[in-house]
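File shown here: upload.cif, holding mmCIF, N, CA and C atoms.
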data_my_file
#
loop_
_atom_site.group_PDB
_atom_site.id
_atom_site.type_symbol
_atom_site.label_atom_id
_atom_site.label_comp_id
_atom_site.auth_asym_id
_atom_site.auth_seq_id
_atom_site.Cartn_x
_atom_site.Cartn_y
_atom_site.Cartn_z
ATOM 1 N N MET L 24 74.217 100.802 168.948
ATOM 2 C CA MET L 24 74.526 99.446 168.546
ATOM 3 C C MET L 24 74.604 98.573 169.809
ATOM 4 N N ASN L 25 74.091 97.355 169.708
ATOM 5 C CA ASN L 25 74.099 96.458 170.874
ATOM 6 C C ASN L 25 75.480 95.818 171.062
ATOM 7 N N GLU L 26 75.639 95.138 172.187
ATOM 8 C CA GLU L 26 76.939 94.549 172.539
ATOM 9 C C GLU L 26 77.404 93.531 171.505
ATOM 10 N N LYS L 27 76.505 92.703 171.041
ATOM 11 C CA LYS L 27 76.859 91.678 170.051
ATOM 12 C C LYS L 27 77.360 92.329 168.755
ATOM 13 N N GLY L 28 76.700 93.404 168.339
ATOM 14 C CA GLY L 28 77.113 94.123 167.134
ATOM 15 C C GLY L 28 78.474 94.771 167.291
ATOM 16 N N LEU L 29 78.719 95.336 168.470
ATOM 17 C CA LEU L 29 80.020 95.958 168.737
ATOM 18 C C LEU L 29 81.145 94.928 168.723
ATOM 19 N N LEU L 30 80.902 93.765 169.317
ATOM 20 C CA LEU L 30 81.916 92.705 169.330
ATOM 21 C C LEU L 30 82.214 92.213 167.914
ATOM 22 N N LYS L 31 81.178 92.074 167.119
ATOM 23 C CA LYS L 31 81.334 91.623 165.731
ATOM 24 C C LYS L 31 82.133 92.662 164.933
ATOM 25 N N ARG L 32 81.804 93.930 165.131
ATOM 26 C CA ARG L 32 82.514 95.014 164.441
ATOM 27 C C ARG L 32 83.982 95.048 164.864
ATOM 28 N N ARG L 33 84.251 94.864 166.151
ATOM 29 C CA ARG L 33 85.628 94.858 166.650
ATOM 30 C C ARG L 33 86.436 93.717 166.025
ATOM 31 N N ARG L 34 85.840 92.527 165.928
ATOM 32 C CA ARG L 34 86.522 91.385 165.305
ATOM 33 C C ARG L 34 86.831 91.666 163.834
ATOM 34 N N ARG L 35 85.871 92.250 163.124
ATOM 35 C CA ARG L 35 86.042 92.555 161.709
ATOM 36 C C ARG L 35 87.163 93.579 161.512
ATOM 37 N N ILE L 36 87.193 94.590 162.364
ATOM 38 C CA ILE L 36 88.211 95.639 162.255
ATOM 39 C C ILE L 36 89.606 95.087 162.545
ATOM 40 N N THR L 37 89.732 94.261 163.587
ATOM 41 C CA THR L 37 91.065 93.764 163.969
ATOM 42 C C THR L 37 91.647 92.794 162.946
ATOM 43 N N LYS L 38 90.805 92.196 162.110
ATOM 44 C CA LYS L 38 91.321 91.317 161.052
ATOM 45 C C LYS L 38 92.056 92.101 159.968
ATOM 46 N N GLN L 39 91.865 93.412 159.937
ATOM 47 C CA GLN L 39 92.485 94.254 158.914
ATOM 48 C C GLN L 39 93.859 94.786 159.325
ATOM 49 N N ILE L 40 94.323 94.431 160.514
ATOM 50 C CA ILE L 40 95.612 94.948 160.993
ATOM 51 C C ILE L 40 96.757 94.393 160.137
ATOM 52 N N PRO L 41 97.593 95.281 159.569
ATOM 53 C CA PRO L 41 98.758 94.813 158.801
ATOM 54 C C PRO L 41 99.792 94.173 159.730
ATOM 55 N N LYS L 42 100.760 93.507 159.145
ATOM 56 C CA LYS L 42 101.827 92.899 159.937
ATOM 57 C C LYS L 42 102.606 93.989 160.673
ATOM 58 N N VAL L 43 102.766 93.820 161.965
ATOM 59 C CA VAL L 43 103.451 94.818 162.787
ATOM 60 C C VAL L 43 104.910 94.957 162.370
ATOM 61 N N GLU L 44 105.534 93.870 161.941
ATOM 62 C CA GLU L 44 106.942 93.937 161.545
ATOM 63 C C GLU L 44 107.133 94.691 160.225
ATOM 64 N N GLU L 45 106.040 95.062 159.556
ATOM 65 C CA GLU L 45 106.128 95.813 158.306
ATOM 66 C C GLU L 45 105.527 97.207 158.475
ATOM 67 N N CYS L 46 105.919 97.887 159.555
ATOM 68 C CA CYS L 46 105.435 99.252 159.755
ATOM 69 C C CYS L 46 106.574 100.117 160.267
ATOM 70 N N ILE L 47 106.443 101.409 160.011
ATOM 71 C CA ILE L 47 107.433 102.360 160.475
ATOM 72 C C ILE L 47 106.733 103.697 160.703
ATOM 73 N N ARG L 48 107.082 104.351 161.796
ATOM 74 C CA ARG L 48 106.490 105.641 162.141
ATOM 75 C C ARG L 48 107.292 106.742 161.466
ATOM 76 N N GLY L 49 106.610 107.653 160.803
ATOM 77 C CA GLY L 49 107.280 108.779 160.172
ATOM 78 C C GLY L 49 106.576 109.189 158.892
ATOM 79 N N SER L 50 107.224 110.090 158.170
ATOM 80 C CA SER L 50 106.703 110.581 156.895
ATOM 81 C C SER L 50 107.830 110.581 155.876
ATOM 82 N N LEU L 51 107.475 110.332 154.623
ATOM 83 C CA LEU L 51 108.473 110.385 153.563
ATOM 84 C C LEU L 51 108.567 111.815 153.033
ATOM 85 N N VAL L 52 109.796 112.255 152.808
ATOM 86 C CA VAL L 52 110.047 113.613 152.338
ATOM 87 C C VAL L 52 110.975 113.538 151.136
ATOM 88 N N VAL L 53 110.628 114.260 150.065
ATOM 89 C CA VAL L 53 111.497 114.360 148.895
ATOM 90 C C VAL L 53 112.236 115.687 148.990
ATOM 91 N N MET L 54 113.554 115.616 148.903
ATOM 92 C CA MET L 54 114.369 116.838 148.976
ATOM 93 C C MET L 54 115.125 117.004 147.666
ATOM 94 N N ASN L 55 115.203 118.237 147.194
ATOM 95 C CA ASN L 55 115.965 118.568 145.988
ATOM 96 C C ASN L 55 117.253 119.246 146.434
ATOM 97 N N ARG L 56 118.387 118.679 146.007
ATOM 98 C CA ARG L 56 119.669 119.187 146.484
ATOM 99 C C ARG L 56 120.697 119.278 145.367
ATOM 100 N N SER L 57 121.698 120.107 145.600
ATOM 101 C CA SER L 57 122.858 120.194 144.709
ATOM 102 C C SER L 57 123.949 119.298 145.284
ATOM 103 N N CYS L 58 124.733 118.705 144.398
ATOM 104 C CA CYS L 58 125.751 117.772 144.872
ATOM 105 C C CYS L 58 127.084 118.444 145.189
ATOM 106 N N GLY L 59 127.344 119.594 144.630
ATOM 107 C CA GLY L 59 128.603 120.277 144.912
ATOM 108 C C GLY L 59 129.626 120.154 143.804
ATOM 109 N N LYS L 60 129.386 119.306 142.813
ATOM 110 C CA LYS L 60 130.316 119.195 141.677
ATOM 111 C C LYS L 60 130.126 120.417 140.781
ATOM 112 N N LEU L 61 131.206 121.032 140.387
ATOM 113 C CA LEU L 61 131.139 122.270 139.619
ATOM 114 C C LEU L 61 130.469 122.112 138.259
ATOM 115 N N ASN L 62 130.685 120.995 137.584
ATOM 116 C CA ASN L 62 130.148 120.805 136.235
ATOM 117 C C ASN L 62 128.833 120.026 136.203
ATOM 118 N N CYS L 63 128.242 119.771 137.330
ATOM 119 C CA CYS L 63 127.005 118.980 137.371
ATOM 120 C C CYS L 63 125.817 119.838 136.964
ATOM 121 N N ARG L 64 124.835 119.218 136.346
ATOM 122 C CA ARG L 64 123.619 119.903 135.902
ATOM 123 C C ARG L 64 122.860 120.548 137.054
ATOM 124 N N CYS L 65 123.052 120.039 138.263
ATOM 125 C CA CYS L 65 122.296 120.538 139.416
ATOM 126 C C CYS L 65 122.719 121.943 139.832
ATOM 127 N N GLN L 66 123.852 122.414 139.327
ATOM 128 C CA GLN L 66 124.310 123.761 139.683
ATOM 129 C C GLN L 66 123.447 124.847 139.038
ATOM 130 N N LYS L 67 122.908 124.545 137.843
ATOM 131 C CA LYS L 67 122.082 125.543 137.144
ATOM 132 C C LYS L 67 120.701 125.017 136.798
ATOM 133 N N GLY L 68 120.551 123.732 136.708
ATOM 134 C CA GLY L 68 119.277 123.150 136.291
ATOM 135 C C GLY L 68 118.584 122.401 137.414
ATOM 136 N N PRO L 69 117.868 121.331 137.034
ATOM 137 C CA PRO L 69 117.133 120.553 138.047
ATOM 138 C C PRO L 69 118.073 119.930 139.081
ATOM 139 N N LYS L 70 117.637 119.943 140.297
ATOM 140 C CA LYS L 70 118.432 119.396 141.405
ATOM 141 C C LYS L 70 118.264 117.884 141.488
ATOM 142 N N HIS L 71 119.151 117.250 142.240
ATOM 143 C CA HIS L 71 119.054 115.814 142.498
ATOM 144 C C HIS L 71 117.956 115.584 143.534
ATOM 145 N N LYS L 72 117.156 114.551 143.335
ATOM 146 C CA LYS L 72 116.088 114.231 144.291
ATOM 147 C C LYS L 72 116.557 113.129 145.225
ATOM 148 N N SER L 73 116.303 113.316 146.502
ATOM 149 C CA SER L 73 116.626 112.320 147.521
ATOM 150 C C SER L 73 115.383 112.096 148.366
ATOM 151 N N ILE L 74 115.197 110.860 148.796
ATOM 152 C CA ILE L 74 114.054 110.531 149.649
ATOM 153 C C ILE L 74 114.569 110.305 151.071
ATOM 154 N N TYR L 75 113.859 110.906 152.027
ATOM 155 C CA TYR L 75 114.200 110.773 153.438
ATOM 156 C C TYR L 75 112.968 110.360 154.228
ATOM 157 N N LEU L 76 113.211 109.661 155.318
ATOM 158 C CA LEU L 76 112.167 109.375 156.284
ATOM 159 C C LEU L 76 112.331 110.395 157.400
ATOM 160 N N SER L 77 111.299 111.197 157.610
ATOM 161 C CA SER L 77 111.311 112.196 158.679
ATOM 162 C C SER L 77 110.609 111.577 159.883
ATOM 163 N N GLN L 78 111.272 111.669 161.037
ATOM 164 C CA GLN L 78 110.740 111.015 162.225
ATOM 165 C C GLN L 78 111.107 111.816 163.464
ATOM 166 N N SER L 79 110.140 111.976 164.340
ATOM 167 C CA SER L 79 110.406 112.614 165.619
ATOM 168 C C SER L 79 111.017 111.556 166.541
ATOM 169 N N TYR L 80 112.163 111.877 167.129
ATOM 170 C CA TYR L 80 112.872 110.910 167.964
ATOM 171 C C TYR L 80 113.468 111.641 169.158
ATOM 172 N N LYS L 81 113.033 111.268 170.338
ATOM 173 C CA LYS L 81 113.496 111.891 171.589
ATOM 174 C C LYS L 81 113.327 113.412 171.543
ATOM 175 N N GLY L 82 112.183 113.860 171.021
ATOM 176 C CA GLY L 82 111.869 115.280 170.998
ATOM 177 C C GLY L 82 112.486 116.074 169.863
ATOM 178 N N LYS L 83 113.240 115.412 168.990
ATOM 179 C CA LYS L 83 113.877 116.098 167.864
ATOM 180 C C LYS L 83 113.494 115.403 166.563
ATOM 181 N N THR L 84 113.470 116.188 165.493
ATOM 182 C CA THR L 84 113.187 115.610 164.179
ATOM 183 C C THR L 84 114.481 115.084 163.589
ATOM 184 N N ARG L 85 114.429 113.866 163.094
ATOM 185 C CA ARG L 85 115.605 113.332 162.412
ATOM 186 C C ARG L 85 115.203 112.928 160.995
ATOM 187 N N MET L 86 116.143 113.079 160.094
ATOM 188 C CA MET L 86 115.928 112.739 158.696
ATOM 189 C C MET L 86 116.834 111.556 158.365
ATOM 190 N N ILE L 87 116.244 110.480 157.907
ATOM 191 C CA ILE L 87 116.991 109.270 157.600
ATOM 192 C C ILE L 87 116.973 109.073 156.085
ATOM 193 N N TYR L 88 118.152 109.081 155.471
ATOM 194 C CA TYR L 88 118.258 108.917 154.018
ATOM 195 C C TYR L 88 117.823 107.513 153.626
ATOM 196 N N LEU L 89 117.018 107.414 152.568
ATOM 197 C CA LEU L 89 116.589 106.123 152.038
ATOM 198 C C LEU L 89 117.230 105.920 150.675
ATOM 199 N N PRO L 90 117.982 104.847 150.497
ATOM 200 C CA PRO L 90 118.620 104.599 149.204
ATOM 201 C C PRO L 90 117.583 104.415 148.097
ATOM 202 N N ARG L 91 117.998 104.736 146.892
ATOM 203 C CA ARG L 91 117.132 104.568 145.727
ATOM 204 C C ARG L 91 116.665 103.109 145.648
ATOM 205 N N GLY L 92 115.403 102.928 145.390
ATOM 206 C CA GLY L 92 114.849 101.576 145.293
ATOM 207 C C GLY L 92 114.103 101.134 146.541
ATOM 208 N N SER L 93 114.314 101.832 147.642
ATOM 209 C CA SER L 93 113.623 101.436 148.876
ATOM 210 C C SER L 93 112.397 102.301 149.157
ATOM 211 N N GLU L 94 112.089 103.243 148.248
ATOM 212 C CA GLU L 94 110.965 104.153 148.475
ATOM 213 C C GLU L 94 109.639 103.417 148.560
ATOM 214 N N GLY L 95 109.435 102.438 147.674
ATOM 215 C CA GLY L 95 108.170 101.701 147.643
ATOM 216 C C GLY L 95 107.899 100.963 148.951
ATOM 217 N N LYS L 96 108.913 100.274 149.432
ATOM 218 C CA LYS L 96 108.768 99.535 150.684
ATOM 219 C C LYS L 96 108.564 100.493 151.854
ATOM 220 N N ALA L 97 109.314 101.590 151.865
ATOM 221 C CA ALA L 97 109.182 102.578 152.941
ATOM 222 C C ALA L 97 107.788 103.191 152.937
ATOM 223 N N HIS L 98 107.270 103.494 151.747
ATOM 224 C CA HIS L 98 105.913 104.056 151.637
ATOM 225 C C HIS L 98 104.885 103.086 152.208
ATOM 226 N N GLN L 99 105.032 101.796 151.898
ATOM 227 C CA GLN L 99 104.093 100.790 152.409
ATOM 228 C C GLN L 99 104.203 100.669 153.928
ATOM 229 N N TYR L 100 105.409 100.729 154.467
ATOM 230 C CA TYR L 100 105.602 100.637 155.914
ATOM 231 C C TYR L 100 104.955 101.812 156.641
ATOM 232 N N VAL L 101 105.106 103.008 156.090
ATOM 233 C CA VAL L 101 104.481 104.196 156.688
ATOM 234 C C VAL L 101 102.962 104.071 156.623
ATOM 235 N N LYS L 102 102.466 103.608 155.482
ATOM 236 C CA LYS L 102 101.019 103.414 155.304
ATOM 237 C C LYS L 102 100.489 102.373 156.294
ATOM 238 N N ASN L 103 101.230 101.288 156.500
ATOM 239 C CA ASN L 103 100.822 100.257 157.460
ATOM 240 C C ASN L 103 100.761 100.817 158.882
ATOM 241 N N TYR L 104 101.741 101.641 159.241
ATOM 242 C CA TYR L 104 101.752 102.234 160.585
ATOM 243 C C TYR L 104 100.507 103.084 160.804
ATOM 244 N N ARG L 105 100.188 103.901 159.817
ATOM 245 C CA ARG L 105 99.004 104.769 159.946
ATOM 246 C C ARG L 105 97.720 103.954 160.023
ATOM 247 N N LYS L 106 97.668 102.838 159.282
ATOM 248 C CA LYS L 106 96.477 101.985 159.322
ATOM 249 C C LYS L 106 96.346 101.326 160.692
ATOM 250 N N ILE L 107 97.453 100.851 161.245
ATOM 251 C CA ILE L 107 97.426 100.234 162.576
ATOM 252 C C ILE L 107 96.949 101.247 163.607
ATOM 253 N N ARG L 108 97.468 102.462 163.536
ATOM 254 C CA ARG L 108 97.073 103.507 164.480
ATOM 255 C C ARG L 108 95.579 103.816 164.364
ATOM 256 N N SER L 109 95.078 103.869 163.148
ATOM 257 C CA SER L 109 93.654 104.135 162.928
ATOM 258 C C SER L 109 92.789 102.993 163.474
ATOM 259 N N ILE L 110 93.215 101.756 163.233
ATOM 260 C CA ILE L 110 92.472 100.590 163.726
ATOM 261 C C ILE L 110 92.464 100.581 165.250
ATOM 262 N N LEU L 111 93.607 100.869 165.867
ATOM 263 C CA LEU L 111 93.670 100.905 167.333
ATOM 264 C C LEU L 111 92.728 101.961 167.906
ATOM 265 N N ASN L 112 92.629 103.104 167.249
ATOM 266 C CA ASN L 112 91.700 104.138 167.698
ATOM 267 C C ASN L 112 90.256 103.653 167.601
ATOM 268 N N SER L 113 89.922 102.968 166.515
ATOM 269 C CA SER L 113 88.562 102.437 166.341
ATOM 270 C C SER L 113 88.243 101.381 167.394
ATOM 271 N N VAL L 114 89.186 100.481 167.638
ATOM 272 C CA VAL L 114 88.984 99.428 168.637
ATOM 273 C C VAL L 114 88.840 100.056 170.025
ATOM 274 N N SER L 115 89.634 101.077 170.307
ATOM 275 C CA SER L 115 89.536 101.757 171.590
ATOM 276 C C SER L 115 88.146 102.372 171.777
ATOM 277 N N ASP L 116 87.628 103.006 170.730
ATOM 278 C CA ASP L 116 86.282 103.592 170.803
ATOM 279 C C ASP L 116 85.221 102.522 171.069
ATOM 280 N N ILE L 117 85.352 101.387 170.397
ATOM 281 C CA ILE L 117 84.402 100.285 170.602
ATOM 282 C C ILE L 117 84.498 99.770 172.030
ATOM 283 N N ASN L 118 85.727 99.604 172.536
ATOM 284 C CA ASN L 118 85.911 99.097 173.898
ATOM 285 C C ASN L 118 85.340 100.053 174.942
ATOM 286 N N ILE L 119 85.468 101.340 174.695
ATOM 287 C CA ILE L 119 84.870 102.319 175.625
ATOM 288 C C ILE L 119 83.346 102.151 175.642
ATOM 289 N N LYS L 120 82.758 101.984 174.464
ATOM 290 C CA LYS L 120 81.301 101.776 174.401
ATOM 291 C C LYS L 120 80.904 100.499 175.121
ATOM 292 N N LEU L 121 81.703 99.444 174.944
ATOM 293 C CA LEU L 121 81.399 98.174 175.614
ATOM 294 C C LEU L 121 81.504 98.302 177.139
ATOM 295 N N LEU L 122 82.508 99.014 177.617
ATOM 296 C CA LEU L 122 82.717 99.157 179.054
ATOM 297 C C LEU L 122 81.684 100.060 179.718
ATOM 298 N N THR L 123 81.229 101.058 179.012
ATOM 299 C CA THR L 123 80.305 102.025 179.622
ATOM 300 C C THR L 123 78.849 101.703 179.351
ATOM 301 N N LYS L 124 78.577 100.645 178.614
ATOM 302 C CA LYS L 124 77.212 100.298 178.239
ATOM 303 C C LYS L 124 76.415 99.744 179.420
ATOM 304 N N ARG L 125 77.067 99.177 180.380
ATOM 305 C CA ARG L 125 76.377 98.484 181.462
ATOM 306 C C ARG L 125 75.940 99.393 182.537
#
Can you turn what I pasted into C-alpha cells?
Amino acid sequence: MNEKGLLKRRRRITKQIPKVEECIRGSLVVMNRSCGKLNCRCQKGPKHKSIYLSQSYKGKTRMIYLPRGSEGKAHQYVKNYRKIRSILNSVSDINIKLLTKR
C-alpha cells in the first residue's frame, strides 16, 4: 500500500477510538458463592452469583466486586479498553510501515 493509502487508513481507524474516560482494563468474572446463612437456599441448591472485575495490579491479581446493576456499564468499559488497545496496535503497524517505507 502506498503512503497516501496508509495515511487514509490510519485516519479511518483512529476515528473509531472509543472515549478514553469510558474504558477499564481487566476482565469480568462471575463467581458462585454461599452466603453463610444456615437456612439459605445456597447451602444446598444454586449459589449466589456475584460479578467481579479481575485486574492485574502491581504484579498481583485483584478482584473488585461490582454491585448489581453495574455489569452492563463495566462490560462496555472493558470492551472499549480492548478496542482502544487493538486500534493502537493497528496504528502502530501503519506507522512502522510509514517510517520504514523511505
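As for atom CA of L:Leu30 and atom CA of L:Arg48, they are spaced 28.7 Å apart.
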Point out the residue among L:Lys106, L:Lys83, L:His98, L:Lys67 with the least atom-to-atom distance to L:Pro41, counting only N, CA and C atoms.
L:Lys106
Set the distance at 12 Å and use only C-alpha atoms: which residues neighbour L:Lys38 once local chain neighbours fewer than 6 positions away are removed? I'd like the list as JSON, numbers by chain.
{"L": [31, 32, 106, 107, 110, 111, 114]}
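Residue nearest L:His71 within the list L:Cys58, L:Arg108, L:Thr123, L:Lys96: L:Cys58 [criterion: smallest interatomic distance, only N, CA and C atoms].
Taking only C-alpha atoms into account, the polymer residues that have an atom no farther than 12 Å from (116.5, 104.5, 146.5) are Val53, Lys72, Ser73, Ile74, Tyr75, Leu76, Tyr88, Leu89, Pro90, Arg91, Gly92, Ser93, Glu94, Gly95, Lys96, Ala97 and His98 of chain L.
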Expressed in Å to a single decimal, how great is the separation between atom C of L:Arg33 and atom N of L:Ser115?
9.1 Å
Atom pair atom CA of L:Ile119 / atom CA of L:Tyr104: separation (Å)
22.6 Å
Step by step: start from the point (119.2, 119.0, 138.4) in the file's coordinates, keep every protein, DNA or RNA residue that has an atom no farther than 12 Å from it, count only C-alpha atoms, and write the set as a list in words.
Met54, Asn55, Arg56, Ser57, Cys58, Gly59, Lys60, Asn62, Cys63, Arg64, Cys65, Gln66, Lys67, Gly68, Pro69, Lys70, His71, Lys72 and Ser73 of chain L
Using the file's own x, y and z axes, what box holds all listed atoms of stretch 84-91 of chain L with 8 Å on each side, keeping edges along x, y and z, and what are its centre and edge lengths in Å to one decimal, as JSON?
{"center_x": 115.9, "center_y": 109.6, "center_z": 155.6, "size_x": 21.4, "size_y": 29.1, "size_z": 35.8}
Selection dump of the PyMOL selection byres ((chain L and resi 47) around 7), as number ranges by chain
L: 44-46, 48-50, 99-105
Could you pull out the strand (DSSP E) residues of stretch 54-85 of chain L from DSSP and send them as an MDAnalysis selection string?
chainID L and resid 54:56 71:80 83:85
Starting from the block above, write stretch 73-83 of chain L out to a file with all heavy atoms, as an mmCIF file, in the first residue's frame, please.
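Resulting contents of out17.cif:
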data_model
loop_
_atom_site.group_PDB
_atom_site.id
_atom_site.type_symbol
_atom_site.label_atom_id
_atom_site.label_comp_id
_atom_site.auth_asym_id
_atom_site.auth_seq_id
_atom_site.Cartn_x
_atom_site.Cartn_y
_atom_site.Cartn_z
ATOM 1 N N SER L 73 -22.136 -13.450 41.866
ATOM 2 C CA SER L 73 -21.539 -12.130 42.061
ATOM 3 C C SER L 73 -20.643 -11.842 40.869
ATOM 4 O O SER L 73 -19.995 -12.742 40.347
ATOM 5 C CB SER L 73 -20.696 -12.095 43.329
ATOM 6 O OG SER L 73 -21.458 -12.427 44.446
ATOM 7 N N ILE L 74 -20.603 -10.581 40.473
ATOM 8 C CA ILE L 74 -19.747 -10.176 39.356
ATOM 9 C C ILE L 74 -18.555 -9.405 39.925
ATOM 10 O O ILE L 74 -18.712 -8.522 40.763
ATOM 11 C CB ILE L 74 -20.510 -9.259 38.371
ATOM 12 C CG1 ILE L 74 -21.786 -9.916 37.902
ATOM 13 C CG2 ILE L 74 -19.619 -8.825 37.234
ATOM 14 C CD1 ILE L 74 -21.753 -10.590 36.588
ATOM 15 N N TYR L 75 -17.369 -9.757 39.426
ATOM 16 C CA TYR L 75 -16.134 -9.104 39.842
ATOM 17 C C TYR L 75 -15.351 -8.657 38.618
ATOM 18 O O TYR L 75 -15.443 -9.269 37.558
ATOM 19 C CB TYR L 75 -15.250 -10.071 40.646
ATOM 20 C CG TYR L 75 -15.787 -10.383 42.015
ATOM 21 C CD1 TYR L 75 -16.757 -11.358 42.190
ATOM 22 C CD2 TYR L 75 -15.324 -9.710 43.133
ATOM 23 C CE1 TYR L 75 -17.253 -11.656 43.449
ATOM 24 C CE2 TYR L 75 -15.810 -10.003 44.393
ATOM 25 C CZ TYR L 75 -16.774 -10.970 44.543
ATOM 26 O OH TYR L 75 -17.262 -11.255 45.796
ATOM 27 N N LEU L 76 -14.581 -7.604 38.800
ATOM 28 C CA LEU L 76 -13.620 -7.184 37.798
ATOM 29 C C LEU L 76 -12.274 -7.729 38.249
ATOM 30 O O LEU L 76 -11.815 -7.432 39.351
ATOM 31 C CB LEU L 76 -13.558 -5.655 37.705
ATOM 32 C CG LEU L 76 -12.498 -5.103 36.753
ATOM 33 C CD1 LEU L 76 -12.916 -5.359 35.308
ATOM 34 C CD2 LEU L 76 -12.281 -3.629 36.985
ATOM 35 N N SER L 77 -11.680 -8.571 37.417
ATOM 36 C CA SER L 77 -10.363 -9.137 37.711
ATOM 37 C C SER L 77 -9.331 -8.273 36.996
ATOM 38 O O SER L 77 -9.455 -8.000 35.807
ATOM 39 C CB SER L 77 -10.294 -10.577 37.206
ATOM 40 O OG SER L 77 -8.997 -11.084 37.353
ATOM 41 N N GLN L 78 -8.310 -7.863 37.752
ATOM 42 C CA GLN L 78 -7.327 -6.944 37.194
ATOM 43 C C GLN L 78 -5.963 -7.212 37.808
ATOM 44 O O GLN L 78 -5.848 -7.425 39.012
ATOM 45 C CB GLN L 78 -7.773 -5.515 37.507
ATOM 46 C CG GLN L 78 -6.979 -4.441 36.841
ATOM 47 C CD GLN L 78 -7.511 -3.073 37.224
ATOM 48 O OE1 GLN L 78 -7.395 -2.673 38.373
ATOM 49 N NE2 GLN L 78 -8.088 -2.376 36.270
ATOM 50 N N SER L 79 -4.955 -7.223 36.964
ATOM 51 C CA SER L 79 -3.590 -7.342 37.451
ATOM 52 C C SER L 79 -3.144 -5.952 37.907
ATOM 53 O O SER L 79 -3.253 -4.982 37.162
ATOM 54 C CB SER L 79 -2.687 -7.852 36.336
ATOM 55 O OG SER L 79 -1.363 -7.893 36.777
ATOM 56 N N TYR L 80 -2.650 -5.865 39.136
ATOM 57 C CA TYR L 80 -2.270 -4.572 39.700
ATOM 58 C C TYR L 80 -1.001 -4.752 40.521
ATOM 59 O O TYR L 80 -0.989 -5.524 41.482
ATOM 60 C CB TYR L 80 -3.412 -4.038 40.565
ATOM 61 C CG TYR L 80 -3.162 -2.675 41.152
ATOM 62 C CD1 TYR L 80 -3.201 -1.533 40.353
ATOM 63 C CD2 TYR L 80 -2.885 -2.517 42.495
ATOM 64 C CE1 TYR L 80 -2.970 -0.283 40.890
ATOM 65 C CE2 TYR L 80 -2.666 -1.271 43.042
ATOM 66 C CZ TYR L 80 -2.707 -0.162 42.230
ATOM 67 O OH TYR L 80 -2.485 1.082 42.770
ATOM 68 N N LYS L 81 0.049 -4.082 40.113
ATOM 69 C CA LYS L 81 1.356 -4.164 40.787
ATOM 70 C C LYS L 81 1.815 -5.618 40.923
ATOM 71 O O LYS L 81 2.298 -6.039 41.971
ATOM 72 C CB LYS L 81 1.313 -3.479 42.150
ATOM 73 C CG LYS L 81 1.095 -1.984 42.055
ATOM 74 C CD LYS L 81 1.174 -1.323 43.411
ATOM 75 C CE LYS L 81 0.979 0.176 43.280
ATOM 76 N NZ LYS L 81 1.023 0.861 44.576
ATOM 77 N N GLY L 82 1.626 -6.395 39.855
ATOM 78 C CA GLY L 82 2.096 -7.772 39.830
ATOM 79 C C GLY L 82 1.194 -8.788 40.503
ATOM 80 O O GLY L 82 1.501 -9.958 40.553
ATOM 81 N N LYS L 83 0.061 -8.344 41.040
ATOM 82 C CA LYS L 83 -0.868 -9.254 41.712
ATOM 83 C C LYS L 83 -2.255 -9.110 41.097
ATOM 84 O O LYS L 83 -2.621 -8.042 40.623
ATOM 85 C CB LYS L 83 -0.945 -8.942 43.203
ATOM 86 C CG LYS L 83 0.356 -9.178 43.931
ATOM 87 C CD LYS L 83 0.189 -8.928 45.405
ATOM 88 C CE LYS L 83 1.503 -9.189 46.127
ATOM 89 N NZ LYS L 83 1.372 -8.982 47.557
#
